[in-house]
$ cat data_1.cif   # mmCIF, C-alpha atoms; chains and numbers go by the auth columns
data_data
loop_
_atom_site.group_PDB
_atom_site.id
_atom_site.type_symbol
_atom_site.label_atom_id
_atom_site.label_comp_id
_atom_site.label_asym_id
_atom_site.label_seq_id
_atom_site.Cartn_x
_atom_site.Cartn_y
_atom_site.Cartn_z
_atom_site.B_iso_or_equiv
_atom_site.auth_seq_id
_atom_site.auth_asym_id
ATOM 1 C CA MET A 1 -1.369 12.404 20.513 0.00 23 B
ATOM 2 C CA MET A 2 -0.026 12.965 16.990 0.00 24 B
ATOM 3 C CA MET A 3 0.339 16.510 15.774 0.00 25 B
ATOM 4 C CA LYS A 4 -1.163 17.715 12.528 0.00 26 B
ATOM 5 C CA ASN A 5 2.254 18.264 10.940 0.00 27 B
ATOM 6 C CA ASP A 6 2.999 14.541 11.369 0.00 28 B
ATOM 7 C CA SER A 7 0.541 13.792 8.555 0.00 29 B
ATOM 8 C CA VAL A 8 2.128 11.626 5.866 0.00 30 B
ATOM 9 C CA ILE A 9 -0.998 11.192 3.700 0.00 31 B
ATOM 10 C CA SER A 10 -3.811 13.740 3.771 0.00 32 B
ATOM 11 C CA PHE A 11 -7.071 13.651 1.781 0.00 33 B
ATOM 12 C CA LYS A 12 -9.376 16.660 2.160 0.00 34 B
ATOM 13 C CA ASP A 13 -12.805 16.570 0.466 0.00 35 B
ATOM 14 C CA VAL A 14 -11.428 14.528 -2.437 0.00 36 B
ATOM 15 C CA SER A 15 -13.879 13.580 -5.185 0.00 37 B
ATOM 16 C CA LYS A 16 -13.352 11.835 -8.504 0.00 38 B
ATOM 17 C CA THR A 17 -15.786 10.929 -11.298 0.00 39 B
ATOM 18 C CA TYR A 18 -14.839 8.692 -14.201 0.00 40 B
ATOM 19 C CA LYS A 19 -16.411 9.561 -17.531 0.00 41 B
ATOM 20 C CA LYS A 20 -16.829 7.067 -20.338 0.00 42 B
ATOM 21 C CA HIS A 21 -17.669 8.566 -23.702 0.00 43 B
ATOM 22 C CA GLY A 22 -20.081 6.516 -25.778 0.00 44 B
ATOM 23 C CA PHE A 23 -21.400 6.842 -29.318 0.00 45 B
ATOM 24 C CA LEU A 24 -24.699 8.457 -28.310 0.00 46 B
ATOM 25 C CA LYS A 25 -24.059 9.600 -24.760 0.00 47 B
ATOM 26 C CA SER A 26 -21.448 9.651 -22.046 0.00 48 B
ATOM 27 C CA GLN A 27 -21.657 7.710 -18.806 0.00 49 B
ATOM 28 C CA SER A 28 -20.342 8.859 -15.446 0.00 50 B
ATOM 29 C CA LYS A 29 -19.341 6.860 -12.392 0.00 51 B
ATOM 30 C CA LYS A 30 -18.565 8.464 -9.047 0.00 52 B
ATOM 31 C CA ALA A 31 -15.359 6.810 -7.816 0.00 53 B
ATOM 32 C CA LEU A 32 -14.686 9.004 -4.772 0.00 54 B
ATOM 33 C CA SER A 33 -17.047 11.345 -2.949 0.00 55 B
ATOM 34 C CA ASN A 34 -15.712 13.874 -0.417 0.00 56 B
ATOM 35 C CA VAL A 35 -13.064 11.538 0.976 0.00 57 B
ATOM 36 C CA ASN A 36 -11.353 12.802 4.128 0.00 58 B
ATOM 37 C CA PHE A 37 -8.647 11.020 6.090 0.00 59 B
ATOM 38 C CA ASP A 38 -5.081 11.368 7.348 0.00 60 B
ATOM 39 C CA VAL A 39 -2.338 8.812 7.859 0.00 61 B
ATOM 40 C CA TYR A 40 0.203 9.884 10.448 0.00 62 B
ATOM 41 C CA SER A 41 3.883 9.092 10.811 0.00 63 B
ATOM 42 C CA ARG A 42 4.652 5.623 12.230 0.00 64 B
ATOM 43 C CA GLU A 43 1.090 4.353 11.819 0.00 65 B
ATOM 44 C CA ILE A 44 -0.123 1.199 10.109 0.00 66 B
ATOM 45 C CA VAL A 45 -3.443 2.088 8.506 0.00 67 B
ATOM 46 C CA GLY A 46 -5.572 -0.329 6.511 0.00 68 B
ATOM 47 C CA ILE A 47 -8.248 0.392 3.937 0.00 69 B
ATOM 48 C CA LEU A 48 -11.049 -2.109 3.561 0.00 70 B
ATOM 49 C CA GLY A 49 -13.907 -2.266 1.070 0.00 71 B
ATOM 50 C CA LEU A 50 -15.696 -4.405 -1.484 0.00 72 B
ATOM 51 C CA ASN A 51 -14.506 -4.533 -5.086 0.00 73 B
ATOM 52 C CA GLY A 52 -15.268 -1.226 -6.789 0.00 74 B
ATOM 53 C CA ALA A 53 -15.580 0.672 -3.511 0.00 75 B
ATOM 54 C CA GLY A 54 -12.806 3.138 -4.406 0.00 76 B
ATOM 55 C CA LYS A 55 -9.698 1.630 -2.781 0.00 77 B
ATOM 56 C CA THR A 56 -7.655 1.497 -5.992 0.00 78 B
ATOM 57 C CA THR A 57 -8.598 5.073 -6.912 0.00 79 B
ATOM 58 C CA ILE A 58 -7.374 6.245 -3.504 0.00 80 B
ATOM 59 C CA ILE A 59 -4.068 4.415 -3.929 0.00 81 B
ATOM 60 C CA LYS A 60 -3.537 5.693 -7.480 0.00 82 B
ATOM 61 C CA SER A 61 -4.281 9.227 -6.278 0.00 83 B
ATOM 62 C CA ILE A 62 -1.431 8.973 -3.779 0.00 84 B
ATOM 63 C CA PHE A 63 0.951 8.593 -6.721 0.00 85 B
ATOM 64 C CA ALA A 64 -0.786 11.203 -8.934 0.00 86 B
ATOM 65 C CA ILE A 65 -1.655 8.459 -11.430 0.00 87 B
ATOM 66 C CA ILE A 66 -5.210 9.705 -11.005 0.00 88 B
ATOM 67 C CA ARG A 67 -5.949 13.338 -10.240 0.00 89 B
ATOM 68 C CA PRO A 68 -9.090 14.278 -8.311 0.00 90 B
ATOM 69 C CA ASP A 69 -11.793 16.519 -9.752 0.00 91 B
ATOM 70 C CA SER A 70 -11.950 18.428 -6.479 0.00 92 B
ATOM 71 C CA GLY A 71 -10.393 18.466 -3.035 0.00 93 B
ATOM 72 C CA GLU A 72 -6.778 18.342 -1.957 0.00 94 B
ATOM 73 C CA ILE A 73 -4.246 15.546 -1.490 0.00 95 B
ATOM 74 C CA LYS A 74 -0.965 16.048 0.325 0.00 96 B
ATOM 75 C CA ILE A 75 1.860 13.537 0.663 0.00 97 B
ATOM 76 C CA PHE A 76 4.459 14.617 3.220 0.00 98 B
ATOM 77 C CA GLY A 77 2.780 18.015 3.047 0.00 99 B
ATOM 78 C CA GLU A 78 3.319 18.374 -0.708 0.00 100 B
ATOM 79 C CA SER A 79 1.501 17.596 -3.932 0.00 101 B
ATOM 80 C CA PRO A 80 1.512 13.890 -4.929 0.00 102 B
ATOM 81 C CA ALA A 81 3.221 14.997 -8.152 0.00 103 B
ATOM 82 C CA ASN A 82 6.271 16.233 -6.202 0.00 104 B
ATOM 83 C CA GLU A 83 9.173 14.175 -7.583 0.00 105 B
ATOM 84 C CA GLU A 84 11.302 14.491 -4.449 0.00 106 B
ATOM 85 C CA ASN A 85 8.545 12.997 -2.303 0.00 107 B
ATOM 86 C CA ARG A 86 8.147 9.985 -4.565 0.00 108 B
ATOM 87 C CA SER A 87 11.586 8.783 -3.509 0.00 109 B
ATOM 88 C CA LYS A 88 10.232 8.558 0.052 0.00 110 B
ATOM 89 C CA ILE A 89 7.525 6.056 -0.935 0.00 111 B
ATOM 90 C CA GLY A 90 7.684 2.329 -1.577 0.00 112 B
ATOM 91 C CA TYR A 91 4.837 0.635 -3.464 0.00 113 B
ATOM 92 C CA ILE A 92 3.726 -2.967 -3.766 0.00 114 B
ATOM 93 C CA PRO A 93 1.010 -3.481 -6.409 0.00 115 B
ATOM 94 C CA GLU A 94 -1.606 -6.205 -6.178 0.00 116 B
ATOM 95 C CA LEU A 95 -0.214 -7.982 -9.240 0.00 117 B
ATOM 96 C CA PRO A 96 3.525 -7.260 -9.458 0.00 118 B
ATOM 97 C CA TYR A 97 5.097 -7.870 -12.840 0.00 119 B
ATOM 98 C CA PHE A 98 8.782 -8.125 -13.659 0.00 120 B
ATOM 99 C CA GLN A 99 10.440 -9.029 -16.956 0.00 121 B
ATOM 100 C CA PRO A 100 10.727 -12.847 -16.898 0.00 122 B
ATOM 101 C CA GLN A 101 14.375 -12.823 -18.032 0.00 123 B
ATOM 102 C CA SER A 102 15.445 -10.246 -15.428 0.00 124 B
ATOM 103 C CA LYS A 103 17.437 -11.403 -12.431 0.00 125 B
ATOM 104 C CA ALA A 104 16.287 -10.399 -8.955 0.00 126 B
ATOM 105 C CA ILE A 105 19.311 -8.111 -8.584 0.00 127 B
ATOM 106 C CA ASP A 106 18.410 -6.419 -11.907 0.00 128 B
ATOM 107 C CA VAL A 107 14.883 -5.746 -10.677 0.00 129 B
ATOM 108 C CA LEU A 108 16.176 -4.170 -7.478 0.00 130 B
ATOM 109 C CA SER A 109 18.786 -2.157 -9.380 0.00 131 B
ATOM 110 C CA TYR A 110 16.197 -0.754 -11.786 0.00 132 B
ATOM 111 C CA TYR A 111 13.813 0.462 -9.092 0.00 133 B
ATOM 112 C CA ALA A 112 16.601 1.684 -6.838 0.00 134 B
ATOM 113 C CA CYS A 113 18.051 3.763 -9.703 0.00 135 B
ATOM 114 C CA LEU A 114 14.644 5.383 -10.174 0.00 136 B
ATOM 115 C CA SER A 115 14.894 6.488 -6.534 0.00 137 B
ATOM 116 C CA GLY A 116 18.364 7.948 -7.016 0.00 138 B
ATOM 117 C CA LEU A 117 20.536 5.280 -5.393 0.00 139 B
ATOM 118 C CA SER A 118 24.062 4.731 -6.669 0.00 140 B
ATOM 119 C CA LYS A 119 25.247 1.341 -7.945 0.00 141 B
ATOM 120 C CA GLU A 120 27.392 0.924 -4.835 0.00 142 B
ATOM 121 C CA GLU A 121 24.423 1.622 -2.530 0.00 143 B
ATOM 122 C CA ILE A 122 22.248 -0.800 -4.467 0.00 144 B
ATOM 123 C CA TYR A 123 24.645 -3.721 -4.130 0.00 145 B
ATOM 124 C CA GLN A 124 25.195 -2.949 -0.455 0.00 146 B
ATOM 125 C CA ARG A 125 21.461 -3.073 0.242 0.00 147 B
ATOM 126 C CA ALA A 126 20.270 -5.749 -2.178 0.00 148 B
ATOM 127 C CA ALA A 127 21.533 -8.843 -0.360 0.00 149 B
ATOM 128 C CA LEU A 128 20.235 -7.572 2.984 0.00 150 B
ATOM 129 C CA ILE A 129 16.795 -6.701 1.618 0.00 151 B
ATOM 130 C CA LEU A 130 16.423 -10.022 -0.200 0.00 152 B
ATOM 131 C CA SER A 131 17.401 -11.840 2.980 0.00 153 B
ATOM 132 C CA ARG A 132 14.822 -9.918 5.005 0.00 154 B
ATOM 133 C CA VAL A 133 11.987 -10.880 2.646 0.00 155 B
ATOM 134 C CA GLY A 134 13.019 -14.537 2.522 0.00 156 B
ATOM 135 C CA LEU A 135 14.931 -14.564 -0.777 0.00 157 B
ATOM 136 C CA LYS A 136 18.467 -14.960 0.549 0.00 158 B
ATOM 137 C CA GLY A 137 20.844 -16.250 -2.121 0.00 159 B
ATOM 138 C CA ARG A 138 18.330 -15.686 -4.937 0.00 160 B
ATOM 139 C CA GLU A 139 19.968 -12.519 -6.304 0.00 161 B
ATOM 140 C CA PHE A 140 20.894 -14.084 -9.632 0.00 162 B
ATOM 141 C CA LEU A 141 17.810 -16.192 -10.242 0.00 163 B
ATOM 142 C CA LYS A 142 15.645 -15.017 -13.123 0.00 164 B
ATOM 143 C CA CYS A 143 12.068 -13.993 -12.493 0.00 165 B
ATOM 144 C CA PHE A 144 10.600 -16.795 -14.601 0.00 166 B
ATOM 145 C CA GLU A 145 12.150 -19.203 -12.071 0.00 167 B
ATOM 146 C CA PHE A 146 10.206 -17.593 -9.211 0.00 168 B
ATOM 147 C CA SER A 147 6.882 -18.875 -7.892 0.00 169 B
ATOM 148 C CA LYS A 148 3.997 -16.430 -7.465 0.00 170 B
ATOM 149 C CA GLY A 149 4.797 -16.153 -3.772 0.00 171 B
ATOM 150 C CA MET A 150 8.481 -15.474 -4.491 0.00 172 B
ATOM 151 C CA LEU A 151 7.508 -12.727 -6.945 0.00 173 B
ATOM 152 C CA GLN A 152 5.402 -11.146 -4.199 0.00 174 B
ATOM 153 C CA ARG A 153 8.431 -11.254 -1.893 0.00 175 B
ATOM 154 C CA LEU A 154 10.534 -9.657 -4.640 0.00 176 B
ATOM 155 C CA ALA A 155 7.901 -6.918 -4.951 0.00 177 B
ATOM 156 C CA PHE A 156 8.305 -6.268 -1.231 0.00 178 B
ATOM 157 C CA ALA A 157 12.080 -6.091 -1.686 0.00 179 B
ATOM 158 C CA GLN A 158 11.845 -3.536 -4.525 0.00 180 B
ATOM 159 C CA ALA A 159 9.531 -1.409 -2.387 0.00 181 B
ATOM 160 C CA LEU A 160 12.079 -1.373 0.449 0.00 182 B
ATOM 161 C CA ILE A 161 15.388 -1.128 -1.420 0.00 183 B
ATOM 162 C CA HIS A 162 15.545 2.683 -1.224 0.00 184 B
ATOM 163 C CA ASP A 163 14.586 2.776 2.487 0.00 185 B
ATOM 164 C CA PRO A 164 11.288 4.695 2.068 0.00 186 B
ATOM 165 C CA ALA A 165 9.522 6.447 4.946 0.00 187 B
ATOM 166 C CA LEU A 166 6.090 5.390 3.624 0.00 188 B
ATOM 167 C CA VAL A 167 5.153 2.006 2.171 0.00 189 B
ATOM 168 C CA VAL A 168 1.869 1.677 0.250 0.00 190 B
ATOM 169 C CA MET A 169 0.682 -1.886 -0.285 0.00 191 B
ATOM 170 C CA ASP A 170 -2.186 -3.207 -2.423 0.00 192 B
ATOM 171 C CA GLU A 171 -3.128 -6.747 -1.370 0.00 193 B
ATOM 172 C CA PRO A 172 0.395 -7.479 -0.055 0.00 194 B
ATOM 173 C CA VAL A 173 -0.214 -11.111 0.970 0.00 195 B
ATOM 174 C CA SER A 174 -1.857 -12.189 -2.298 0.00 196 B
ATOM 175 C CA GLY A 175 -0.410 -15.511 -3.449 0.00 197 B
ATOM 176 C CA LEU A 176 1.594 -16.170 -0.295 0.00 198 B
ATOM 177 C CA ASP A 177 1.454 -19.352 1.753 0.00 199 B
ATOM 178 C CA PRO A 178 0.729 -19.096 5.508 0.00 200 B
ATOM 179 C CA ILE A 179 4.403 -19.120 6.537 0.00 201 B
ATOM 180 C CA ALA A 180 5.250 -16.360 4.063 0.00 202 B
ATOM 181 C CA VAL A 181 2.255 -14.331 5.245 0.00 203 B
ATOM 182 C CA LYS A 182 3.496 -14.516 8.828 0.00 204 B
ATOM 183 C CA ASP A 183 7.073 -13.661 7.786 0.00 205 B
ATOM 184 C CA LEU A 184 5.976 -10.541 5.911 0.00 206 B
ATOM 185 C CA ARG A 185 3.530 -9.545 8.652 0.00 207 B
ATOM 186 C CA ASP A 186 6.358 -9.744 11.178 0.00 208 B
ATOM 187 C CA LEU A 187 8.584 -7.673 8.862 0.00 209 B
ATOM 188 C CA ILE A 188 5.910 -4.969 8.520 0.00 210 B
ATOM 189 C CA VAL A 189 5.626 -4.751 12.313 0.00 211 B
ATOM 190 C CA GLU A 190 9.410 -4.664 12.698 0.00 212 B
ATOM 191 C CA LEU A 191 9.824 -1.903 10.111 0.00 213 B
ATOM 192 C CA ASN A 192 6.957 0.054 11.621 0.00 214 B
ATOM 193 C CA ARG A 193 8.628 -0.060 15.037 0.00 215 B
ATOM 194 C CA ALA A 194 11.773 1.249 13.358 0.00 216 B
ATOM 195 C CA GLY A 195 9.811 4.275 12.098 0.00 217 B
ATOM 196 C CA LYS A 196 8.188 3.397 8.770 0.00 218 B
ATOM 197 C CA THR A 197 4.572 4.258 7.986 0.00 219 B
ATOM 198 C CA PHE A 198 2.344 1.719 6.220 0.00 220 B
ATOM 199 C CA PHE A 199 -0.865 2.228 4.251 0.00 221 B
ATOM 200 C CA LEU A 200 -2.321 -1.010 2.974 0.00 222 B
ATOM 201 C CA SER A 201 -5.365 -2.237 1.128 0.00 223 B
ATOM 202 C CA SER A 202 -6.397 -5.836 1.695 0.00 224 B
ATOM 203 C CA HIS A 203 -9.344 -8.209 1.499 0.00 225 B
ATOM 204 C CA SER A 204 -7.798 -10.203 4.364 0.00 226 B
ATOM 205 C CA ILE A 205 -9.640 -8.780 7.349 0.00 227 B
ATOM 206 C CA SER A 206 -7.759 -11.048 9.757 0.00 228 B
ATOM 207 C CA GLU A 207 -4.394 -9.680 8.568 0.00 229 B
ATOM 208 C CA LEU A 208 -5.530 -6.085 9.003 0.00 230 B
ATOM 209 C CA GLU A 209 -6.750 -6.956 12.496 0.00 231 B
ATOM 210 C CA LYS A 210 -3.334 -8.289 13.454 0.00 232 B
ATOM 211 C CA ILE A 211 -1.225 -5.293 12.464 0.00 233 B
ATOM 212 C CA CYS A 212 -3.270 -2.118 11.907 0.00 234 B
ATOM 213 C CA ASP A 213 -3.657 0.811 14.278 0.00 235 B
ATOM 214 C CA ARG A 214 -6.751 1.932 12.366 0.00 236 B
ATOM 215 C CA VAL A 215 -8.851 0.667 9.489 0.00 237 B
ATOM 216 C CA LEU A 216 -10.819 2.852 7.061 0.00 238 B
ATOM 217 C CA ILE A 217 -13.954 1.249 5.636 0.00 239 B
ATOM 218 C CA VAL A 218 -14.804 2.429 2.111 0.00 240 B
ATOM 219 C CA LYS A 219 -18.237 2.063 0.526 0.00 241 B
ATOM 220 C CA ASN A 220 -19.402 3.567 -2.773 0.00 242 B
ATOM 221 C CA GLY A 221 -16.449 5.956 -2.897 0.00 243 B
ATOM 222 C CA SER A 222 -16.809 7.294 0.643 0.00 244 B
ATOM 223 C CA ILE A 223 -15.125 6.576 3.963 0.00 245 B
ATOM 224 C CA VAL A 224 -18.114 5.354 5.944 0.00 246 B
ATOM 225 C CA ARG A 225 -16.246 4.498 9.126 0.00 247 B
ATOM 226 C CA GLU A 226 -12.862 4.706 10.796 0.00 248 B
ATOM 227 C CA VAL A 227 -12.295 1.774 13.164 0.00 249 B
ATOM 228 C CA LEU A 228 -9.662 2.015 15.904 0.00 250 B
ATOM 229 C CA ARG A 229 -7.789 -1.074 17.087 0.00 251 B
ATOM 230 C CA LYS A 230 -9.374 -0.842 20.539 0.00 252 B
ATOM 231 C CA GLU A 231 -12.809 -1.220 18.932 0.00 253 B
ATOM 232 C CA TRP A 232 -12.099 -4.782 17.789 0.00 254 B
ATOM 233 C CA GLU A 233 -9.720 -5.714 20.595 0.00 255 B
ATOM 234 C CA ASN A 234 -11.746 -4.534 23.593 0.00 256 B
ATOM 235 C CA SER A 235 -15.209 -5.686 22.582 0.00 257 B
ATOM 236 C CA SER A 236 -17.066 -8.808 21.560 0.00 258 B
ATOM 237 C CA THR A 237 -17.398 -7.448 17.990 0.00 259 B
ATOM 238 C CA ASP A 238 -14.496 -8.217 15.681 0.00 260 B
ATOM 239 C CA LEU A 239 -13.423 -6.242 12.616 0.00 261 B
ATOM 240 C CA GLU A 240 -15.208 -8.598 10.246 0.00 262 B
ATOM 241 C CA GLU A 241 -18.539 -8.018 11.988 0.00 263 B
ATOM 242 C CA ILE A 242 -18.006 -4.251 11.959 0.00 264 B
ATOM 243 C CA PHE A 243 -17.137 -4.314 8.253 0.00 265 B
ATOM 244 C CA VAL A 244 -20.073 -6.502 7.224 0.00 266 B
ATOM 245 C CA LYS A 245 -22.515 -4.290 9.136 0.00 267 B
ATOM 246 C CA GLU A 246 -21.170 -1.115 7.494 0.00 268 B
ATOM 247 C CA VAL A 247 -21.229 -2.394 3.907 0.00 269 B
ATOM 248 C CA LYS A 248 -24.609 -4.090 4.241 0.00 270 B
ATOM 249 C CA ASP A 249 -26.399 -1.156 5.856 0.00 271 B
ATOM 250 C CA ALA A 250 -28.470 0.884 3.421 0.00 272 B
#

$ encode --input "data_1.cif" --output "structure tokens"
Amino acid sequence: MMMKNDSVISFKDVSKTYKKHGFLKSQSKKALSNVNFDVYSREIVGILGLNGAGKTTIIKSIFAIIRPDSGEIKIFGESPANEENRSKIGYIPELPYFQPQSKAIDVLSYYACLSGLSKEEIYQRAALILSRVGLKGREFLKCFEFSKGMLQRLAFAQALIHDPALVVMDEPVSGLDPIAVKDLRDLIVELNRAGKTFFLSSHSISELEKICDRVLIVKNGSIVREVLRKEWENSSTDLEEIFVKEVKDA
């Protein structure tokens, strides 16, 4: 049983409303409504929902890109705005973008410097990280020479270069072929066994089924259900069926 102080991500009664100011009147959209969940150390937790359900708002809130209207968010027990904690997090966006003329080693160097690594540490880690994500020997290729799948692998490498304790991933297998998907899935499991915590958003229900300890289902800005691995492994109902039932129910 995990103790409360092992919480890596904590959302307590978090709500967020977006306001769009128009010429005659303003419009409001509730993005999050009293969201409560915790992600504990060494877990792999997935977040699943339809487009517009609130997944991106949750992820952006982890990095203080978006601030809630009410409630409390803690990352490693501190505010998401805590600069020291940000160096403990790796992030893979849904659509990674790197300057086309940048070499892979330049990309890794840039993000590693932001996390406080020295030039010596960067070059020691870069070759190993690129090898682990399937880009061995590609250090000096420019990004415009990379396929979409290779850019996704490079995004994984930049998220890992500073050896973060928590890795947040938004659609991590987007654009990858089946072999690459398996390679990165195996790497996530390997890193998790070595102590890293993963929080990932994905539309690939089958991938979440394979690796997650728990899955949070989001609908209309609320967590409507937490599904434990045993619920889809030890019954005749798979995660897809559980998800469809939850999002279709009135």

$ atom_distance --input "data_1.cif" --atom1 "CA of Val36 in chain B" --atom2 "CA of Glu94 in chain B"
6.0 Å

$ closest_residue --input "data_1.cif" --among "B:Lys232, B:Lys218, B:His184, B:Arg247" --to "Asp260 in chain B" --atoms "all atoms listed in the file"
B:Lys232

$ residues_around --input "data_1.cif" --residues "range 102-114 of chain B" --least-positions-apart "3" --cutoff "8 Å" --atoms "all atoms listed in the file" --output "VMD selection string"
chain B and resid 83 to 86 95 to 98 118 137 to 138 177 to 178 180 to 182 184 to 192 194

$ resolve_selection --input "data_1.cif" --expression "the PyMOL selection byres ((chain B and resi 162-174) around 9)" --output "PyMOL selection string"
chain B and resi 114+116-129+156-157+159-161+175-179+194-199+202

$ resolve_selection --input "data_1.cif" --expression "the PyMOL selection byres ((chain B and resi 33) around 12)" --output "ChimeraX atom specification"
/B:29-32,34-37,54-62,80-81,83-84,90,92-102,244-245

$ axis_aligned_box --input "data_1.cif" --around "range 30-37 of chain B" --padding-each-side "8 Å" --output "JSON"
{"center_x": -5.9, "center_y": 13.9, "center_z": 0.3, "size_x": 32.0, "size_y": 21.5, "size_z": 27.1}

$ closest_residue --input "data_1.cif" --among "B:Val237, B:Leu150, B:Ile201, B:Val211" --to "Arg251 in chain B" --atoms "all atoms listed in the file"
B:Val237

$ closest_residue --input "data_1.cif" --among "B:Ile66, B:Ala53, B:Leu139, B:Leu238" --to "Asp91 in chain B" --atoms "all atoms listed in the file"
B:Ala53

$ atom_distance --input "data_1.cif" --atom1 "CA of Leu70 in chain B" --atom2 "CA of Cys234 in chain B"
11.4 Å

$ atom_distance --input "data_1.cif" --atom1 "CA of Asn256 in chain B" --atom2 "CA of Glu231 in chain B"
12.4 Å

$ build_atoms --input "data_1.cif" --residues "range 97-111 of chain B" --atoms "N, CA, C and O atoms" --output "compact mmCIF listing (two decimals), keeping the file's coordinate frame"
# COMPACT_ATOMS: atom_id res chain seq x y z
N ILE B 97 0.99 14.63 0.26
CA ILE B 97 1.86 13.54 0.66
C ILE B 97 3.13 14.17 1.24
O ILE B 97 3.82 14.92 0.54
N PHE B 98 3.38 13.93 2.51
CA PHE B 98 4.46 14.62 3.22
C PHE B 98 4.30 16.13 3.10
O PHE B 98 5.28 16.87 2.96
N GLY B 99 3.06 16.59 3.09
CA GLY B 99 2.78 18.02 3.05
C GLY B 99 2.89 18.65 1.68
O GLY B 99 2.72 19.87 1.54
N GLU B 100 3.15 17.85 0.65
CA GLU B 100 3.32 18.37 -0.71
C GLU B 100 2.36 17.69 -1.67
O GLU B 100 1.72 16.69 -1.35
N SER B 101 2.31 18.20 -2.89
CA SER B 101 1.50 17.60 -3.93
C SER B 101 1.99 16.17 -4.23
O SER B 101 3.20 15.91 -4.20
N PRO B 102 1.08 15.23 -4.54
CA PRO B 102 1.51 13.89 -4.93
C PRO B 102 2.44 13.88 -6.14
O PRO B 102 3.18 12.92 -6.34
N ALA B 103 2.38 14.93 -6.96
CA ALA B 103 3.22 15.00 -8.15
C ALA B 103 4.65 15.43 -7.85
O ALA B 103 5.51 15.41 -8.73
N ASN B 104 4.93 15.80 -6.60
CA ASN B 104 6.27 16.23 -6.20
C ASN B 104 7.27 15.08 -6.36
O ASN B 104 7.18 14.06 -5.70
N GLU B 105 8.23 15.25 -7.27
CA GLU B 105 9.17 14.18 -7.58
C GLU B 105 10.04 13.79 -6.39
O GLU B 105 10.36 12.61 -6.18
N GLU B 106 10.44 14.77 -5.60
CA GLU B 106 11.30 14.49 -4.45
C GLU B 106 10.60 13.59 -3.44
O GLU B 106 11.19 12.69 -2.86
N ASN B 107 9.30 13.81 -3.26
CA ASN B 107 8.54 13.00 -2.30
C ASN B 107 8.37 11.56 -2.77
O ASN B 107 8.26 10.64 -1.95
N ARG B 108 8.36 11.34 -4.07
CA ARG B 108 8.15 9.98 -4.57
C ARG B 108 9.28 9.05 -4.14
O ARG B 108 9.07 7.85 -3.99
N SER B 109 10.46 9.61 -3.95
CA SER B 109 11.59 8.78 -3.51
C SER B 109 11.45 8.35 -2.05
O SER B 109 12.19 7.48 -1.58
N LYS B 110 10.47 8.92 -1.35
CA LYS B 110 10.23 8.56 0.05
C LYS B 110 9.17 7.47 0.19
O LYS B 110 8.82 7.08 1.30
N ILE B 111 8.64 7.01 -0.97
CA ILE B 111 7.52 6.06 -0.94
C ILE B 111 7.93 4.75 -1.60
O ILE B 111 8.54 4.73 -2.67
